Amino acid sequence: MDNEDKTKPIDWIGSALKDLKSFPDTVIQTLGFNLYQVQCGMMPKSAKPLKGKELNGVYELKDDHAGNTYRAVYIAKLENRIYVLHCFQKKSKTGIETPAKDINTIKTRLKLAIEDSKKR
């Protein structure tokens with residue numbers, strides 16, 4: 001059995017993949033490699049759990065490029081898959097919190113991921 005057989009598949013929810021592909025190439029490479037690490041059962045250095053009781057098990061990956069911050073949010077504990085819930089550029093100039101609009105998107109897509117995982 002080779003290493004590829006041990007990786008978890010990735011499911012992209014909503015526009016997450018399209019959004020990731022709109023990032024600068026170096027950010028795509030970094031976040032893509034981080035997601036590959038998650039597929040292999042590792043925890044990337046940039047992975048941080050999102051706070052909130054409704055977000056248990058949800059992590060975000062972060063990469064900075066040219067003064068901008070890019071994030072990919074995922075959950076890896078549902079049905080032996082990784083669900084990428086949201087990819088976005090953080091535009092807030094103040095504070096470190098994830099903007100409410102993005103949190104709402106993440107929560108909505110998390111519900112979709114949970115529904116999908118129950119059907120498998």
# chains A, B, ... in the order shown; residues from 1 in each chain; ligands from 1

$ residues_around --residues "Gln89 of chain A" --least-positions-apart "3" --cutoff "9 Å" --atoms "only C-alpha atoms" --output "PDB file with C-alpha atoms, in the first residue's frame"
ATOM      1  CA  PHE A  23      -5.077  33.724  -4.372  1.00  0.00           C
ATOM      2  CA  ASN A  68      -2.182  40.558   3.019  1.00  0.00           C
ATOM      3  CA  THR A  69      -3.423  37.594   5.042  1.00  0.00           C
ATOM      4  CA  TYR A  70      -5.092  34.610   3.393  1.00  0.00           C
ATOM      5  CA  ARG A  71      -6.969  31.849   5.181  1.00  0.00           C
ATOM      6  CA  ALA A  72      -8.327  28.400   4.442  1.00  0.00           C
TER       7      ALA A  72
END

$ select_by_dssp --residues "chain A" --states "strand (DSSP E)" --output "PDB file with N, CA and C atoms, in the first residue's frame"
ATOM      1  N   ILE A  10     -10.330  15.283  -0.039  1.00  0.00           N
ATOM      2  CA  ILE A  10     -10.791  16.636   0.287  1.00  0.00           C
ATOM      3  C   ILE A  10     -12.082  16.905  -0.459  1.00  0.00           C
ATOM      4  N   ASP A  11     -13.065  17.417   0.256  1.00  0.00           N
ATOM      5  CA  ASP A  11     -14.295  17.923  -0.347  1.00  0.00           C
ATOM      6  C   ASP A  11     -14.310  19.435  -0.137  1.00  0.00           C
ATOM      7  N   TRP A  12     -14.632  20.161  -1.185  1.00  0.00           N
ATOM      8  CA  TRP A  12     -14.667  21.619  -1.150  1.00  0.00           C
ATOM      9  C   TRP A  12     -16.120  22.060  -1.069  1.00  0.00           C
ATOM     10  N   LYS A  48      -4.644  26.606  13.298  1.00  0.00           N
ATOM     11  CA  LYS A  48      -5.133  27.075  14.601  1.00  0.00           C
ATOM     12  C   LYS A  48      -6.623  26.765  14.683  1.00  0.00           C
ATOM     13  N   PRO A  49      -7.079  26.285  15.853  1.00  0.00           N
ATOM     14  CA  PRO A  49      -8.513  26.020  15.983  1.00  0.00           C
ATOM     15  C   PRO A  49      -9.301  27.331  16.015  1.00  0.00           C
ATOM     16  N   VAL A  58     -13.006  22.733  13.942  1.00  0.00           N
ATOM     17  CA  VAL A  58     -12.737  23.542  12.753  1.00  0.00           C
ATOM     18  C   VAL A  58     -11.410  24.276  12.951  1.00  0.00           C
ATOM     19  N   TYR A  59     -10.557  24.198  11.922  1.00  0.00           N
ATOM     20  CA  TYR A  59      -9.235  24.821  11.974  1.00  0.00           C
ATOM     21  C   TYR A  59      -9.064  25.780  10.813  1.00  0.00           C
ATOM     22  N   GLU A  60      -8.179  26.747  11.019  1.00  0.00           N
ATOM     23  CA  GLU A  60      -7.835  27.628   9.917  1.00  0.00           C
ATOM     24  C   GLU A  60      -6.342  27.573   9.660  1.00  0.00           C
ATOM     25  N   LEU A  61      -6.013  27.649   8.378  1.00  0.00           N
ATOM     26  CA  LEU A  61      -4.633  27.754   7.929  1.00  0.00           C
ATOM     27  C   LEU A  61      -4.445  29.194   7.488  1.00  0.00           C
ATOM     28  N   LYS A  62      -3.254  29.733   7.721  1.00  0.00           N
ATOM     29  CA  LYS A  62      -3.025  31.139   7.416  1.00  0.00           C
ATOM     30  C   LYS A  62      -1.718  31.290   6.661  1.00  0.00           C
ATOM     31  N   ASP A  63      -1.718  32.196   5.695  1.00  0.00           N
ATOM     32  CA  ASP A  63      -0.488  32.554   5.001  1.00  0.00           C
ATOM     33  C   ASP A  63      -0.521  34.048   4.710  1.00  0.00           C
ATOM     34  N   ASP A  64       0.612  34.689   4.882  1.00  0.00           N
ATOM     35  CA  ASP A  64       0.748  36.114   4.605  1.00  0.00           C
ATOM     36  C   ASP A  64       1.538  36.299   3.322  1.00  0.00           C
ATOM     37  N   HIS A  65       1.107  37.284   2.525  1.00  0.00           N
ATOM     38  CA  HIS A  65       1.796  37.563   1.263  1.00  0.00           C
ATOM     39  C   HIS A  65       1.571  39.031   0.908  1.00  0.00           C
ATOM     40  N   ASN A  68      -0.815  41.073   2.899  1.00  0.00           N
ATOM     41  CA  ASN A  68      -2.182  40.558   3.019  1.00  0.00           C
ATOM     42  C   ASN A  68      -2.173  39.199   3.713  1.00  0.00           C
ATOM     43  N   THR A  69      -3.279  38.873   4.360  1.00  0.00           N
ATOM     44  CA  THR A  69      -3.423  37.594   5.042  1.00  0.00           C
ATOM     45  C   THR A  69      -4.507  36.772   4.353  1.00  0.00           C
ATOM     46  N   TYR A  70      -4.171  35.524   4.060  1.00  0.00           N
ATOM     47  CA  TYR A  70      -5.092  34.610   3.393  1.00  0.00           C
ATOM     48  C   TYR A  70      -5.355  33.429   4.316  1.00  0.00           C
ATOM     49  N   ARG A  71      -6.598  32.946   4.291  1.00  0.00           N
ATOM     50  CA  ARG A  71      -6.969  31.849   5.181  1.00  0.00           C
ATOM     51  C   ARG A  71      -7.754  30.774   4.448  1.00  0.00           C
ATOM     52  N   ALA A  72      -7.535  29.549   4.889  1.00  0.00           N
ATOM     53  CA  ALA A  72      -8.327  28.400   4.442  1.00  0.00           C
ATOM     54  C   ALA A  72      -8.846  27.717   5.702  1.00  0.00           C
ATOM     55  N   VAL A  73     -10.138  27.501   5.771  1.00  0.00           N
ATOM     56  CA  VAL A  73     -10.774  26.937   6.961  1.00  0.00           C
ATOM     57  C   VAL A  73     -11.293  25.547   6.620  1.00  0.00           C
ATOM     58  N   TYR A  74     -11.015  24.583   7.501  1.00  0.00           N
ATOM     59  CA  TYR A  74     -11.389  23.191   7.216  1.00  0.00           C
ATOM     60  C   TYR A  74     -11.781  22.460   8.483  1.00  0.00           C
ATOM     61  N   ILE A  75     -12.430  21.311   8.283  1.00  0.00           N
ATOM     62  CA  ILE A  75     -12.683  20.359   9.359  1.00  0.00           C
ATOM     63  C   ILE A  75     -12.260  18.989   8.834  1.00  0.00           C
ATOM     64  N   ALA A  76     -11.544  18.237   9.671  1.00  0.00           N
ATOM     65  CA  ALA A  76     -10.995  16.952   9.226  1.00  0.00           C
ATOM     66  C   ALA A  76     -11.523  15.767  10.025  1.00  0.00           C
ATOM     67  N   LYS A  77     -12.512  15.979  10.862  1.00  0.00           N
ATOM     68  CA  LYS A  77     -12.955  14.879  11.728  1.00  0.00           C
ATOM     69  C   LYS A  77     -14.267  14.229  11.293  1.00  0.00           C
ATOM     70  N   LEU A  78     -14.772  14.583  10.112  1.00  0.00           N
ATOM     71  CA  LEU A  78     -16.039  14.027   9.646  1.00  0.00           C
ATOM     72  C   LEU A  78     -15.807  12.925   8.620  1.00  0.00           C
ATOM     73  N   ARG A  81     -12.779  12.318   5.992  1.00  0.00           N
ATOM     74  CA  ARG A  81     -12.591  13.257   4.889  1.00  0.00           C
ATOM     75  C   ARG A  81     -12.183  14.604   5.471  1.00  0.00           C
ATOM     76  N   ILE A  82     -11.674  15.433   4.585  1.00  0.00           N
ATOM     77  CA  ILE A  82     -11.403  16.816   4.943  1.00  0.00           C
ATOM     78  C   ILE A  82     -12.389  17.664   4.164  1.00  0.00           C
ATOM     79  N   TYR A  83     -13.091  18.514   4.861  1.00  0.00           N
ATOM     80  CA  TYR A  83     -14.003  19.446   4.217  1.00  0.00           C
ATOM     81  C   TYR A  83     -13.391  20.837   4.327  1.00  0.00           C
ATOM     82  N   VAL A  84     -13.079  21.440   3.178  1.00  0.00           N
ATOM     83  CA  VAL A  84     -12.610  22.817   3.174  1.00  0.00           C
ATOM     84  C   VAL A  84     -13.861  23.681   3.090  1.00  0.00           C
ATOM     85  N   LEU A  85     -14.068  24.467   4.139  1.00  0.00           N
ATOM     86  CA  LEU A  85     -15.307  25.210   4.298  1.00  0.00           C
ATOM     87  C   LEU A  85     -15.258  26.597   3.669  1.00  0.00           C
ATOM     88  N   HIS A  86     -14.096  27.242   3.728  1.00  0.00           N
ATOM     89  CA  HIS A  86     -14.039  28.637   3.282  1.00  0.00           C
ATOM     90  C   HIS A  86     -12.586  29.025   3.057  1.00  0.00           C
ATOM     91  N   CYS A  87     -12.327  29.761   1.991  1.00  0.00           N
ATOM     92  CA  CYS A  87     -11.016  30.351   1.720  1.00  0.00           C
ATOM     93  C   CYS A  87     -11.253  31.829   1.463  1.00  0.00           C
ATOM     94  N   PHE A  88     -10.504  32.676   2.153  1.00  0.00           N
ATOM     95  CA  PHE A  88     -10.749  34.109   2.026  1.00  0.00           C
ATOM     96  C   PHE A  88      -9.518  34.912   2.381  1.00  0.00           C
ATOM     97  N   GLN A  89      -9.520  36.152   1.914  1.00  0.00           N
ATOM     98  CA  GLN A  89      -8.484  37.106   2.284  1.00  0.00           C
ATOM     99  C   GLN A  89      -9.040  37.944   3.415  1.00  0.00           C
ATOM    100  N   LYS A  90      -8.330  37.986   4.518  1.00  0.00           N
ATOM    101  CA  LYS A  90      -8.765  38.798   5.657  1.00  0.00           C
ATOM    102  C   LYS A  90      -8.450  40.243   5.326  1.00  0.00           C
TER     103      LYS A  90
END

$ residues_around --residues "Lys119 of chain A" --least-positions-apart "5" --cutoff "12 Å" --atoms "only C-alpha atoms" --output "MDAnalysis selection string"
chainID A and resid 78:79 112:114

$ select_by_dssp --residues "segment 21-114 of chain A" --states "helix (DSSP H, G or I)" --output "ChimeraX atom specification"
/A:21,25-39,53-55,100-114

$ write_last_selection --atoms "N, CA and C atoms" --output "compact mmCIF listing (two decimals), in the first residue's frame"
# COMPACT_ATOMS: atom_id res chain seq x y z
N LYS A 21 -8.19 29.31 -5.58
CA LYS A 21 -7.50 29.47 -6.86
C LYS A 21 -7.32 30.94 -7.25
N ASP A 25 -0.08 32.82 -6.41
CA ASP A 25 0.47 31.47 -6.58
C ASP A 25 1.21 30.96 -5.35
N THR A 26 2.00 31.80 -4.70
CA THR A 26 2.77 31.34 -3.53
C THR A 26 1.84 30.97 -2.38
N VAL A 27 0.73 31.69 -2.25
CA VAL A 27 -0.25 31.38 -1.20
C VAL A 27 -0.95 30.06 -1.52
N ILE A 28 -1.30 29.86 -2.79
CA ILE A 28 -1.93 28.60 -3.21
C ILE A 28 -1.00 27.43 -2.89
N GLN A 29 0.28 27.60 -3.19
CA GLN A 29 1.25 26.52 -2.93
C GLN A 29 1.36 26.24 -1.43
N THR A 30 1.46 27.29 -0.63
CA THR A 30 1.60 27.10 0.82
C THR A 30 0.37 26.45 1.42
N LEU A 31 -0.81 27.01 1.13
CA LEU A 31 -2.03 26.45 1.70
C LEU A 31 -2.31 25.06 1.14
N GLY A 32 -1.99 24.85 -0.13
CA GLY A 32 -2.15 23.52 -0.72
C GLY A 32 -1.27 22.49 -0.03
N PHE A 33 -0.02 22.86 0.25
CA PHE A 33 0.86 21.94 0.97
C PHE A 33 0.35 21.69 2.38
N ASN A 34 -0.15 22.75 3.04
CA ASN A 34 -0.71 22.57 4.38
C ASN A 34 -1.89 21.61 4.36
N LEU A 35 -2.75 21.74 3.35
CA LEU A 35 -3.89 20.82 3.25
C LEU A 35 -3.43 19.40 2.96
N TYR A 36 -2.37 19.25 2.18
CA TYR A 36 -1.81 17.92 1.94
C TYR A 36 -1.31 17.31 3.26
N GLN A 37 -0.68 18.12 4.09
CA GLN A 37 -0.24 17.63 5.41
C GLN A 37 -1.44 17.12 6.21
N VAL A 38 -2.54 17.87 6.18
CA VAL A 38 -3.75 17.45 6.89
C VAL A 38 -4.25 16.13 6.31
N GLN A 39 -4.22 15.99 4.97
CA GLN A 39 -4.63 14.75 4.32
C GLN A 39 -3.82 13.56 4.83
N LYS A 53 -18.25 27.54 20.31
CA LYS A 53 -18.75 26.20 20.59
C LYS A 53 -19.33 25.54 19.36
N GLU A 54 -19.83 26.31 18.40
CA GLU A 54 -20.37 25.73 17.17
C GLU A 54 -19.27 25.36 16.19
N LEU A 55 -18.03 25.68 16.51
CA LEU A 55 -16.91 25.47 15.58
C LEU A 55 -15.92 24.43 16.10
N ALA A 100 -17.21 38.72 11.18
CA ALA A 100 -18.48 38.02 11.39
C ALA A 100 -19.05 37.45 10.10
N LYS A 101 -18.91 38.15 8.98
CA LYS A 101 -19.42 37.67 7.70
C LYS A 101 -18.76 36.34 7.34
N ASP A 102 -17.45 36.24 7.57
CA ASP A 102 -16.74 35.00 7.26
C ASP A 102 -17.11 33.89 8.25
N ILE A 103 -17.28 34.23 9.51
CA ILE A 103 -17.71 33.23 10.51
C ILE A 103 -19.07 32.66 10.12
N ASN A 104 -19.99 33.52 9.68
CA ASN A 104 -21.32 33.05 9.26
C ASN A 104 -21.21 32.12 8.07
N THR A 105 -20.35 32.44 7.10
CA THR A 105 -20.14 31.55 5.95
C THR A 105 -19.60 30.21 6.42
N ILE A 106 -18.64 30.24 7.33
CA ILE A 106 -18.05 29.01 7.85
C ILE A 106 -19.11 28.16 8.56
N LYS A 107 -19.93 28.77 9.38
CA LYS A 107 -20.96 28.03 10.11
C LYS A 107 -21.99 27.41 9.16
N THR A 108 -22.39 28.17 8.14
CA THR A 108 -23.35 27.65 7.16
C THR A 108 -22.76 26.46 6.41
N ARG A 109 -21.52 26.59 5.98
CA ARG A 109 -20.88 25.51 5.22
C ARG A 109 -20.54 24.32 6.11
N LEU A 110 -20.28 24.56 7.39
CA LEU A 110 -20.04 23.46 8.32
C LEU A 110 -21.29 22.59 8.42
N LYS A 111 -22.46 23.23 8.48
CA LYS A 111 -23.72 22.46 8.52
C LYS A 111 -23.86 21.60 7.28
N LEU A 112 -23.50 22.15 6.12
CA LEU A 112 -23.55 21.37 4.87
C LEU A 112 -22.59 20.19 4.91
N ALA A 113 -21.40 20.41 5.46
CA ALA A 113 -20.41 19.33 5.56
C ALA A 113 -20.90 18.24 6.50
N ILE A 114 -21.51 18.61 7.60
CA ILE A 114 -22.04 17.63 8.56
C ILE A 114 -23.14 16.81 7.91

$ atom_distance --atom1 "atom CA of Ala47 of chain A" --atom2 "atom CA of Leu17 of chain A"
18.2 Å

$ atom_distance --atom1 "atom CA of Asp116 of chain A" --atom2 "atom CA of Lys45 of chain A"
28.1 Å
